[in-house]
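Shown next, in structure tokens, is the structure this report addresses.
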Protein chains: 4
Amino acid sequence: MTRRRLLDEHEIDELVEAHPRWRREGDRLVAVFDFADFTAAFAWMTAVALISERLDHHPDWSNSWNHVEVRLSTHSAGGVTDLDRAWVDAVEALELTPRT
Amino acid sequence: MTRRRLLDEHEIDELVEAHPRWRREGDRLVAVFDFADFTAAFAWMTAVALISERLDHHPDWSNSWNHVEVRLSTHSAGGVTDLDRAWVDAVEALELTPRT
Amino acid sequence: MTRRRLLDEHEIDELVEAHPRWRREGDRLVAVFDFADFTAAFAWMTAVALISERLDHHPDWSNSWNHVEVRLSTHSAGGVTDLDRAWVDAVEALELTPRT
Amino acid sequence: MTRRRLLDEHEIDELVEAHPRWRREGDRLVAVFDFADFTAAFAWMTAVALISERLDHHPDWSNSWNHVEVRLSTHSAGGVTDLDRAWVDAVEALELTPRT
């Protein structure tokens, strides 16, 4: 397991500015996502699950029909790290619709 | 199991015009979808799986990384039916990105 | 939307006896599932998502790596109904491993 | 991208003996999986998708209701490599049911 580096205040501010859906809450990041319906929500969750497995970093999250809440931190580091930032960057860059 | 009605030539022409990704091939409909990467392709497949279970109608399909090929017909009816049309309409109406 | 019938005390007791993972908590059913890892947990969640879409009935649920918590009720009926029972029966009957 | 090592004949024989569902077909491995129904098949595919993303190695595969066919090779190496073996080992070790 790679040792992860905690982000400093400035880096967390930058992250939250770059991705307005996210905010800091104590020692973690939280965000809420609303979709057209359950199908869209769960398809997105599947994409996020794939990213999580690729990065070997998994959120605490909950779902209620079209609504998803995500809480993210690096437990082993006790806060928000560069790994959480990489995870948010990847999730916010998702392009799920067919290109052709 | 509801008896499904075969579409006539005119109805199939309309379907293919409404959804240009699709074409007729013998007694079935076929389409090809290309995505940004495997993650996007499989997330979309998950949405399509949910639609398929809701309609109790499932495609023959194959995937290779970002590429998905779909073949659709109603085996019990021996061709393309109103159920295939409902399936294509639902799949083509997917909105997978977060609304808020 | 079909009108759902609330289960009486006796029926809820029977449900909970038949499926020991589940218990009543106020006006809903709750259960906790632990898996080998995230992959197993999310694959199971996908099966449950498909059942939910088929029954047009969706849980409130949360996931943290290999752990899944499920809360189930029929909001429109204000409690646990025959639809929740059908959902639990279907989820508890899942057979996810290949047969051949 | 790590350079992958082609397996020799002896290693492929060992792999196929360890996992009887699999056989060699030309320069790739193939296997067929049958499940209880579409839900079980697609939940398993989701687990396999997560493994594939973790290993950054993806199959060519097709699905028809409860039936899944998988074709696996390392295109860049022109045959079956140690990466394919790691993929098959991981897929065959899947435990999808809840432990508790």
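Labels for the structure tokens follow display order: chains A, B, ..., residues from 1 in each chain, ligands from 1.
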9 Å contacts from chain D to chain C using only C-alpha atoms, as a PyMOL selection string: chain D and resi 21+32-37+39-48+50-51+94-100
Picked from chain A by DSSP as alpha helix (DSSP H), as a ChimeraX atom specification: /A:9-18,38-55,82-92
Strand (DSSP E) positions in chain B, given as a PyMOL selection string: chain B and resi 22-25+28-34+60-64+67-72
Range 4-20 of chain A environment, 6 Å, only C-alpha atoms, sequence neighbours closer than 3 positions dropped, as a list in words: Arg23, Val80, Thr81 and Asp82 of chain A
Prev. selection, all heavy atoms, output as an mmCIF file, in the first residue's frame:
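Saved file part-v1.cif follows:
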data_model
loop_
_atom_site.group_PDB
_atom_site.id
_atom_site.type_symbol
_atom_site.label_atom_id
_atom_site.label_comp_id
_atom_site.auth_asym_id
_atom_site.auth_seq_id
_atom_site.Cartn_x
_atom_site.Cartn_y
_atom_site.Cartn_z
ATOM 1 N N ARG A 23 -17.772 19.368 -1.312
ATOM 2 C CA ARG A 23 -17.404 20.276 -0.241
ATOM 3 C C ARG A 23 -16.696 19.487 0.855
ATOM 4 O O ARG A 23 -16.831 18.268 0.955
ATOM 5 C CB ARG A 23 -18.628 20.994 0.321
ATOM 6 C CG ARG A 23 -19.597 20.104 1.050
ATOM 7 C CD ARG A 23 -20.769 20.911 1.645
ATOM 8 N NE ARG A 23 -21.392 20.118 2.683
ATOM 9 C CZ ARG A 23 -22.278 19.150 2.468
ATOM 10 N NH1 ARG A 23 -22.654 18.881 1.236
ATOM 11 N NH2 ARG A 23 -22.784 18.463 3.482
ATOM 12 N N VAL A 80 -8.140 13.844 3.933
ATOM 13 C CA VAL A 80 -8.243 13.925 2.478
ATOM 14 C C VAL A 80 -6.839 13.957 1.874
ATOM 15 O O VAL A 80 -6.029 14.822 2.233
ATOM 16 C CB VAL A 80 -9.023 15.187 2.063
ATOM 17 C CG1 VAL A 80 -9.034 15.336 0.551
ATOM 18 C CG2 VAL A 80 -10.453 15.139 2.611
ATOM 19 N N THR A 81 -6.574 13.024 0.975
ATOM 20 C CA THR A 81 -5.222 12.894 0.414
ATOM 21 C C THR A 81 -5.225 13.080 -1.099
ATOM 22 O O THR A 81 -6.274 13.245 -1.731
ATOM 23 C CB THR A 81 -4.638 11.500 0.708
ATOM 24 O OG1 THR A 81 -5.415 10.543 -0.035
ATOM 25 C CG2 THR A 81 -4.682 11.171 2.193
ATOM 26 N N ASP A 82 -4.023 12.997 -1.658
ATOM 27 C CA ASP A 82 -3.870 13.051 -3.118
ATOM 28 C C ASP A 82 -4.636 11.917 -3.800
ATOM 29 O O ASP A 82 -5.046 12.046 -4.952
ATOM 30 C CB ASP A 82 -2.387 13.037 -3.495
ATOM 31 C CG ASP A 82 -1.627 11.888 -2.857
ATOM 32 O OD1 ASP A 82 -2.135 11.270 -1.890
ATOM 33 O OD2 ASP A 82 -0.505 11.606 -3.316
#
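Remark: for Ser64 in chain A, the closest of the candidate residues C:Asp84, C:Arg3, C:Leu29, C:Ser52 is C:Ser52 (distances computed over only C-alpha atoms).
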Just want the 9 Å neighbourhood of Val88 in chain C, counted on only C-alpha atoms, with same-chain residues fewer than 2 positions away dropped. Output as an mmCIF file with all heavy atoms, in the first residue's frame.
data_model
loop_
_atom_site.group_PDB
_atom_site.id
_atom_site.type_symbol
_atom_site.label_atom_id
_atom_site.label_comp_id
_atom_site.auth_asym_id
_atom_site.auth_seq_id
_atom_site.Cartn_x
_atom_site.Cartn_y
_atom_site.Cartn_z
ATOM 1 N N LEU C 15 -41.922 -13.284 7.853
ATOM 2 C CA LEU C 15 -40.892 -12.853 6.901
ATOM 3 C C LEU C 15 -39.519 -12.862 7.571
ATOM 4 O O LEU C 15 -38.538 -13.359 7.008
ATOM 5 C CB LEU C 15 -41.245 -11.458 6.379
ATOM 6 C CG LEU C 15 -40.438 -10.872 5.224
ATOM 7 C CD1 LEU C 15 -41.233 -9.732 4.591
ATOM 8 C CD2 LEU C 15 -39.075 -10.378 5.603
ATOM 9 N N HIS C 19 -36.173 -15.228 6.779
ATOM 10 C CA HIS C 19 -34.947 -14.578 6.285
ATOM 11 C C HIS C 19 -34.236 -13.918 7.456
ATOM 12 O O HIS C 19 -34.390 -12.712 7.693
ATOM 13 C CB HIS C 19 -35.292 -13.536 5.223
ATOM 14 C CG HIS C 19 -36.065 -14.089 4.072
ATOM 15 N ND1 HIS C 19 -35.568 -15.072 3.260
ATOM 16 C CD2 HIS C 19 -37.305 -13.811 3.606
ATOM 17 C CE1 HIS C 19 -36.465 -15.376 2.324
ATOM 18 N NE2 HIS C 19 -37.529 -14.629 2.514
ATOM 19 N N TRP C 22 -32.788 -10.304 8.148
ATOM 20 C CA TRP C 22 -33.657 -9.132 8.181
ATOM 21 C C TRP C 22 -34.297 -8.947 9.545
ATOM 22 O O TRP C 22 -34.577 -9.916 10.239
ATOM 23 C CB TRP C 22 -34.737 -9.265 7.107
ATOM 24 C CG TRP C 22 -34.154 -9.176 5.743
ATOM 25 C CD1 TRP C 22 -33.566 -10.185 5.042
ATOM 26 C CD2 TRP C 22 -34.039 -8.004 4.946
ATOM 27 N NE1 TRP C 22 -33.102 -9.719 3.823
ATOM 28 C CE2 TRP C 22 -33.380 -8.373 3.742
ATOM 29 C CE3 TRP C 22 -34.424 -6.667 5.105
ATOM 30 C CZ2 TRP C 22 -33.104 -7.464 2.731
ATOM 31 C CZ3 TRP C 22 -34.153 -5.765 4.089
ATOM 32 C CH2 TRP C 22 -33.495 -6.169 2.919
ATOM 33 N N LEU C 72 -35.657 -0.959 3.753
ATOM 34 C CA LEU C 72 -36.704 -1.223 2.773
ATOM 35 C C LEU C 72 -38.072 -0.928 3.361
ATOM 36 O O LEU C 72 -38.406 -1.378 4.458
ATOM 37 C CB LEU C 72 -36.636 -2.708 2.364
ATOM 38 C CG LEU C 72 -37.496 -3.113 1.173
ATOM 39 C CD1 LEU C 72 -36.922 -2.508 -0.112
ATOM 40 C CD2 LEU C 72 -37.542 -4.626 1.054
ATOM 41 N N LEU C 83 -45.193 -5.924 -1.330
ATOM 42 C CA LEU C 83 -44.152 -5.646 -2.316
ATOM 43 C C LEU C 83 -42.771 -5.761 -1.672
ATOM 44 O O LEU C 83 -41.832 -6.285 -2.290
ATOM 45 C CB LEU C 83 -44.361 -4.245 -2.902
ATOM 46 C CG LEU C 83 -43.389 -3.786 -3.971
ATOM 47 C CD1 LEU C 83 -43.332 -4.761 -5.154
ATOM 48 C CD2 LEU C 83 -43.772 -2.388 -4.487
ATOM 49 N N ASP C 84 -42.621 -5.264 -0.451
ATOM 50 C CA ASP C 84 -41.342 -5.435 0.243
ATOM 51 C C ASP C 84 -41.043 -6.920 0.448
ATOM 52 O O ASP C 84 -39.908 -7.366 0.302
ATOM 53 C CB ASP C 84 -41.385 -4.716 1.600
ATOM 54 C CG ASP C 84 -41.566 -3.220 1.427
ATOM 55 O OD1 ASP C 84 -40.703 -2.605 0.768
ATOM 56 O OD2 ASP C 84 -42.562 -2.666 1.920
ATOM 57 N N ARG C 85 -42.075 -7.688 0.789
ATOM 58 C CA ARG C 85 -41.870 -9.125 0.984
ATOM 59 C C ARG C 85 -41.432 -9.791 -0.317
ATOM 60 O O ARG C 85 -40.500 -10.610 -0.318
ATOM 61 C CB ARG C 85 -43.160 -9.775 1.493
ATOM 62 C CG ARG C 85 -42.987 -11.257 1.785
ATOM 63 C CD ARG C 85 -44.192 -11.814 2.523
ATOM 64 N NE ARG C 85 -45.429 -11.566 1.788
ATOM 65 C CZ ARG C 85 -46.650 -11.771 2.285
ATOM 66 N NH1 ARG C 85 -46.791 -12.221 3.520
ATOM 67 N NH2 ARG C 85 -47.711 -11.522 1.565
ATOM 68 N N ALA C 86 -42.060 -9.435 -1.426
ATOM 69 C CA ALA C 86 -41.653 -10.017 -2.713
ATOM 70 C C ALA C 86 -40.200 -9.652 -3.033
ATOM 71 O O ALA C 86 -39.433 -10.473 -3.560
ATOM 72 C CB ALA C 86 -42.580 -9.522 -3.826
ATOM 73 N N ALA C 90 -37.094 -12.313 -3.386
ATOM 74 C CA ALA C 90 -36.295 -12.383 -4.619
ATOM 75 C C ALA C 90 -34.814 -12.194 -4.326
ATOM 76 O O ALA C 90 -33.963 -12.907 -4.869
ATOM 77 C CB ALA C 90 -36.786 -11.337 -5.623
ATOM 78 N N VAL C 91 -34.494 -11.251 -3.462
ATOM 79 C CA VAL C 91 -33.084 -10.977 -3.144
ATOM 80 C C VAL C 91 -32.463 -12.159 -2.399
ATOM 81 O O VAL C 91 -31.327 -12.556 -2.675
ATOM 82 C CB VAL C 91 -32.959 -9.667 -2.340
ATOM 83 C CG1 VAL C 91 -31.590 -9.536 -1.692
ATOM 84 C CG2 VAL C 91 -33.248 -8.476 -3.249
ATOM 85 N N GLU C 92 -33.208 -12.746 -1.490
ATOM 86 C CA GLU C 92 -32.655 -13.853 -0.711
ATOM 87 C C GLU C 92 -32.548 -15.140 -1.547
ATOM 88 O O GLU C 92 -31.834 -16.065 -1.166
ATOM 89 C CB GLU C 92 -33.477 -14.086 0.555
ATOM 90 C CG GLU C 92 -33.366 -12.952 1.573
ATOM 91 C CD GLU C 92 -32.005 -12.903 2.264
ATOM 92 O OE1 GLU C 92 -31.309 -13.926 2.295
ATOM 93 O OE2 GLU C 92 -31.630 -11.814 2.763
ATOM 94 N N ALA C 93 -33.246 -15.186 -2.667
ATOM 95 C CA ALA C 93 -33.171 -16.374 -3.531
ATOM 96 C C ALA C 93 -32.080 -16.276 -4.588
ATOM 97 O O ALA C 93 -31.904 -17.199 -5.395
ATOM 98 C CB ALA C 93 -34.525 -16.596 -4.216
#
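Between CA of Glu53 in chain C and CA of Arg54 in chain B there is a distance of 5.5 Å.
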